[in-house]
Structures are given as C-alpha cells and as structure tokens.
$ cat coords12.json   # JSON, C-alpha atoms
[["chain", "number", "residue", "atom", "x", "y", "z"],
["A", 1, "MET", "CA", 33.11, -18.27, -38.30],
["A", 2, "ALA", "CA", 33.59, -22.03, -38.10],
["A", 3, "LYS", "CA", 30.73, -24.06, -39.57],
["A", 4, "ASN", "CA", 28.47, -26.03, -37.25],
["A", 5, "ILE", "CA", 28.80, -29.61, -38.49],
["A", 6, "THR", "CA", 25.97, -32.07, -37.90],
["A", 7, "VAL", "CA", 25.09, -35.57, -39.06],
["A", 8, "ASP", "CA", 22.93, -33.91, -41.72],
["A", 9, "ASN", "CA", 25.67, -31.77, -43.31],
["A", 10, "PHE", "CA", 28.83, -33.79, -42.46],
["A", 11, "GLU", "CA", 29.00, -35.53, -45.84],
["A", 12, "LYS", "CA", 28.72, -32.28, -47.80],
["A", 13, "GLU", "CA", 30.83, -30.02, -45.57],
["A", 14, "VAL", "CA", 33.63, -32.49, -44.73],
["A", 15, "LEU", "CA", 33.72, -35.66, -46.81],
["A", 16, "GLN", "CA", 32.85, -34.10, -50.18],
["A", 17, "THR", "CA", 35.17, -31.11, -49.78],
["A", 18, "ALA", "CA", 38.32, -31.34, -51.89],
["A", 19, "GLY", "CA", 40.82, -29.42, -49.75],
["A", 20, "PRO", "CA", 41.72, -29.87, -46.10],
["A", 21, "VAL", "CA", 38.96, -29.41, -43.52],
["A", 22, "LEU", "CA", 39.77, -28.97, -39.82],
["A", 23, "VAL", "CA", 37.05, -30.45, -37.61],
["A", 24, "ASP", "CA", 36.96, -29.59, -33.90],
["A", 25, "PHE", "CA", 35.10, -32.10, -31.71],
["A", 26, "TRP", "CA", 34.12, -30.16, -28.58],
["A", 27, "ALA", "CA", 31.48, -29.61, -25.86],
["A", 28, "THR", "CA", 30.23, -26.51, -24.05],
["A", 29, "TRP", "CA", 31.13, -27.90, -20.59],
["A", 30, "CYS", "CA", 34.73, -28.71, -21.59],
["A", 31, "GLY", "CA", 37.28, -26.19, -20.27],
["A", 32, "PRO", "CA", 40.09, -27.18, -22.67],
["A", 33, "CYS", "CA", 37.58, -26.97, -25.56],
["A", 34, "ARG", "CA", 36.82, -23.37, -24.59],
["A", 35, "MET", "CA", 40.57, -22.70, -24.60],
["A", 36, "GLN", "CA", 40.86, -24.26, -28.09],
["A", 37, "GLY", "CA", 37.89, -22.35, -29.52],
["A", 38, "PRO", "CA", 39.53, -18.97, -30.25],
["A", 39, "ALA", "CA", 42.36, -20.55, -32.31],
["A", 40, "VAL", "CA", 39.85, -22.56, -34.33],
["A", 41, "GLU", "CA", 37.66, -19.49, -34.92],
["A", 42, "LYS", "CA", 40.70, -17.42, -35.94],
["A", 43, "LEU", "CA", 41.63, -19.99, -38.59],
["A", 44, "ALA", "CA", 38.07, -19.84, -39.93],
["A", 45, "GLU", "CA", 38.26, -16.02, -40.05],
["A", 46, "GLU", "CA", 41.50, -16.30, -42.01],
["A", 47, "GLY", "CA", 39.78, -18.39, -44.68],
["A", 48, "TYR", "CA", 40.60, -21.94, -43.69],
["A", 49, "ASN", "CA", 37.84, -24.52, -43.99],
["A", 50, "VAL", "CA", 36.92, -25.19, -40.36],
["A", 51, "GLY", "CA", 33.99, -26.92, -38.71],
["A", 52, "LYS", "CA", 32.95, -27.67, -35.15],
["A", 53, "ILE", "CA", 31.06, -30.72, -33.92],
["A", 54, "ASN", "CA", 29.39, -30.52, -30.52],
["A", 55, "VAL", "CA", 29.80, -34.08, -29.23],
["A", 56, "ASP", "CA", 26.77, -33.75, -26.94],
["A", 57, "ASP", "CA", 24.52, -32.92, -29.91],
["A", 58, "GLU", "CA", 26.26, -35.15, -32.47],
["A", 59, "GLY", "CA", 27.24, -38.25, -30.52],
["A", 60, "GLU", "CA", 26.86, -40.40, -33.63],
["A", 61, "LEU", "CA", 29.71, -38.53, -35.37],
["A", 62, "ALA", "CA", 31.91, -38.66, -32.27],
["A", 63, "GLU", "CA", 31.31, -42.40, -32.06],
["A", 64, "ARG", "CA", 31.90, -42.93, -35.79],
["A", 65, "TYR", "CA", 35.34, -41.30, -35.50],
["A", 66, "HIS", "CA", 36.18, -42.88, -32.13],
["A", 67, "VAL", "CA", 36.49, -39.56, -30.33],
["A", 68, "MET", "CA", 37.16, -40.53, -26.71],
["A", 69, "ASN", "CA", 38.63, -37.27, -25.39],
["A", 70, "ILE", "CA", 37.91, -33.66, -26.24],
["A", 71, "PRO", "CA", 39.01, -31.46, -27.75],
["A", 72, "THR", "CA", 39.89, -33.74, -30.62],
["A", 73, "LEU", "CA", 40.87, -32.03, -33.87],
["A", 74, "ILE", "CA", 40.82, -34.02, -37.08],
["A", 75, "ILE", "CA", 41.96, -32.78, -40.47],
["A", 76, "PHE", "CA", 40.17, -34.43, -43.37],
["A", 77, "LYS", "CA", 41.18, -34.16, -47.01],
["A", 78, "ASN", "CA", 39.25, -35.65, -49.92],
["A", 79, "GLY", "CA", 37.00, -37.47, -47.47],
["A", 80, "GLU", "CA", 39.83, -39.16, -45.57],
["A", 81, "GLU", "CA", 41.20, -38.53, -42.10],
["A", 82, "LYS", "CA", 44.76, -37.25, -42.55],
["A", 83, "GLU", "CA", 45.71, -35.96, -39.09],
["A", 84, "ARG", "CA", 44.32, -36.30, -35.55],
["A", 85, "MET", "CA", 45.32, -34.27, -32.50],
["A", 86, "VAL", "CA", 43.91, -34.64, -28.99],
["A", 87, "GLY", "CA", 44.07, -31.81, -26.48],
["A", 88, "VAL", "CA", 44.61, -28.10, -26.92],
["A", 89, "GLN", "CA", 46.74, -27.24, -29.97],
["A", 90, "SER", "CA", 48.28, -23.89, -30.94],
["A", 91, "LYS", "CA", 46.87, -21.93, -33.86],
["A", 92, "ASP", "CA", 50.34, -21.99, -35.47],
["A", 93, "LEU", "CA", 50.53, -25.79, -35.31],
["A", 94, "LEU", "CA", 47.05, -26.21, -36.76],
["A", 95, "GLU", "CA", 47.79, -23.70, -39.51],
["A", 96, "SER", "CA", 51.05, -25.44, -40.44],
["A", 97, "LYS", "CA", 49.27, -28.81, -40.69],
["A", 98, "LEU", "CA", 46.50, -27.31, -42.84],
["A", 99, "LYS", "CA", 49.05, -25.66, -45.14],
["A", 100, "ALA", "CA", 50.99, -28.92, -45.47],
["A", 101, "LEU", "CA", 47.84, -30.67, -46.71],
["A", 102, "ALA", "CA", 46.68, -27.86, -49.03]]
$ encode --input "coords12.json" --output "structure tokens"
Amino acid sequence: MAKNITVDNFEKEVLQTAGPVLVDFWATWCGPCRMQGPAVEKLAEEGYNVGKINVDDEGELAERYHVMNIPTLIIFKNGEEKERMVGVQSKDLLESKLKALA
C-alpha cells in the first residue's frame, strides 16, 4: 500500500530516502485521481517506494511544490525532484521512469 505522506513525515519518507520515490498529489473528489489510484497502488504492491499526498489535507506541501492541477505525480530521488507528470499516467510509464532513476 502507498504511504500516506504528510507535512510531518515528508522529510523522512521522501527527502531523506536514497532511491526514487513516486509521490501522487491527489484529492478524494478528483475523478482523474481516482482513475490514477489503482496504478499507483499496484506499484506500491510491487515494491516501489510510493507515497500519496491528499492536497486537501496537506495544502502546504502542494503549495511548496507548486501543484496546480491534480493528479500530479512527482518522482524524487536523493531529496530532489527528478520528474513531474500532470494528469493520469499509465502504470507502465510510471514504472519505466522509476526504473530509469533506480
């Protein structure tokens, strides 16, 4: 299961993690976010480091990373943003980007 990322654990779970971390910025009311969810969860089940940030609960993080549209998926590595995708993305595309940064 994807980790629930909050302001309190963002540093530890995302910025201080050595390998790539896929972060899904989403909201419960967002239809495209609900479409994206299963692919993100599947990657987490397969062992990829994946977290989800509910923008309604964690507006500070959404603002910090200039998330204007959701879903926004950002891949971090070694504390730095390496890749940003806006809109629904396929599991295969996300997996290929994670593998390329591993």
$ atom_distance --input "coords12.json" --atom1 "CA of Glu45 (chain A)" --atom2 "CA of Met1 (chain A)"
5.9 Å
$ atom_distance --input "coords12.json" --atom1 "CA of Glu95 (chain A)" --atom2 "CA of Tyr48 (chain A)"
8.5 Å
$ axis_aligned_box --input "coords12.json" --around "region 57-61 of chain A" --padding-each-side "3 Å" --output "lines of an AutoDock Vina configuration file"
center_x = 27.1
center_y = -36.7
center_z = -32.6
size_x = 11.2
size_y = 13.5
size_z = 11.5
$ residues_around --input "coords12.json" --residues "Val7 (chain A)" --least-positions-apart "4" --cutoff "9 Å" --atoms "only C-alpha atoms" --output "number ranges by chain"
A: 11, 58, 60-61
$ atom_distance --input "coords12.json" --atom1 "CA of Lys77 (chain A)" --atom2 "CA of Gly31 (chain A)"
28.2 Å
$ closest_residue --input "coords12.json" --among "A:Ala39, A:Gln16, A:Val88, A:Leu22" --to "Leu101 (chain A)" --atoms "all atoms listed in the file"
A:Leu22
$ residues_around --input "coords12.json" --residues "Asn9 (chain A)" --least-positions-apart "3" --cutoff "12 Å" --atoms "only C-alpha atoms" --output "PDB file with C-alpha atoms, in the coordinates of the input"
ATOM      1  CA  LYS A   3      30.730 -24.060 -39.570  1.00  0.00           C
ATOM      2  CA  ASN A   4      28.470 -26.030 -37.250  1.00  0.00           C
ATOM      3  CA  ILE A   5      28.800 -29.610 -38.490  1.00  0.00           C
ATOM      4  CA  THR A   6      25.970 -32.070 -37.900  1.00  0.00           C
ATOM      5  CA  LYS A  12      28.720 -32.280 -47.800  1.00  0.00           C
ATOM      6  CA  GLU A  13      30.830 -30.020 -45.570  1.00  0.00           C
ATOM      7  CA  VAL A  14      33.630 -32.490 -44.730  1.00  0.00           C
ATOM      8  CA  LEU A  15      33.720 -35.660 -46.810  1.00  0.00           C
ATOM      9  CA  GLN A  16      32.850 -34.100 -50.180  1.00  0.00           C
ATOM     10  CA  THR A  17      35.170 -31.110 -49.780  1.00  0.00           C
ATOM     11  CA  GLY A  51      33.990 -26.920 -38.710  1.00  0.00           C
ATOM     12  CA  LYS A  52      32.950 -27.670 -35.150  1.00  0.00           C
ATOM     13  CA  ILE A  53      31.060 -30.720 -33.920  1.00  0.00           C
ATOM     14  CA  GLU A  58      26.260 -35.150 -32.470  1.00  0.00           C
ATOM     15  CA  LEU A  61      29.710 -38.530 -35.370  1.00  0.00           C
TER      16      LEU A  61
END
$ closest_residue --input "coords12.json" --among "A:Asn54, A:Thr28, A:Gln36, A:Asn49" --to "Ser90 (chain A)" --atoms "only C-alpha atoms"
A:Gln36
$ closest_residue --input "coords12.json" --among "A:Ala18, A:Val50, A:Leu94, A:Val40" --to "Gly79 (chain A)" --atoms "all atoms listed in the file"
A:Ala18
$ closest_residue --input "coords12.json" --among "A:Val21, A:Val67, A:Gln89, A:Arg84" --to "Arg34 (chain A)" --atoms "all atoms listed in the file"
A:Gln89
$ closest_residue --input "coords12.json" --among "A:Val86, A:Lys91, A:Asp8, A:Ala44" --to "Pro32 (chain A)" --atoms "only C-alpha atoms"
A:Val86
$ closest_residue --input "coords12.json" --among "A:Gly37, A:Cys30, A:Asp24, A:Tyr65" --to "Glu81 (chain A)" --atoms "all atoms listed in the file"
A:Tyr65
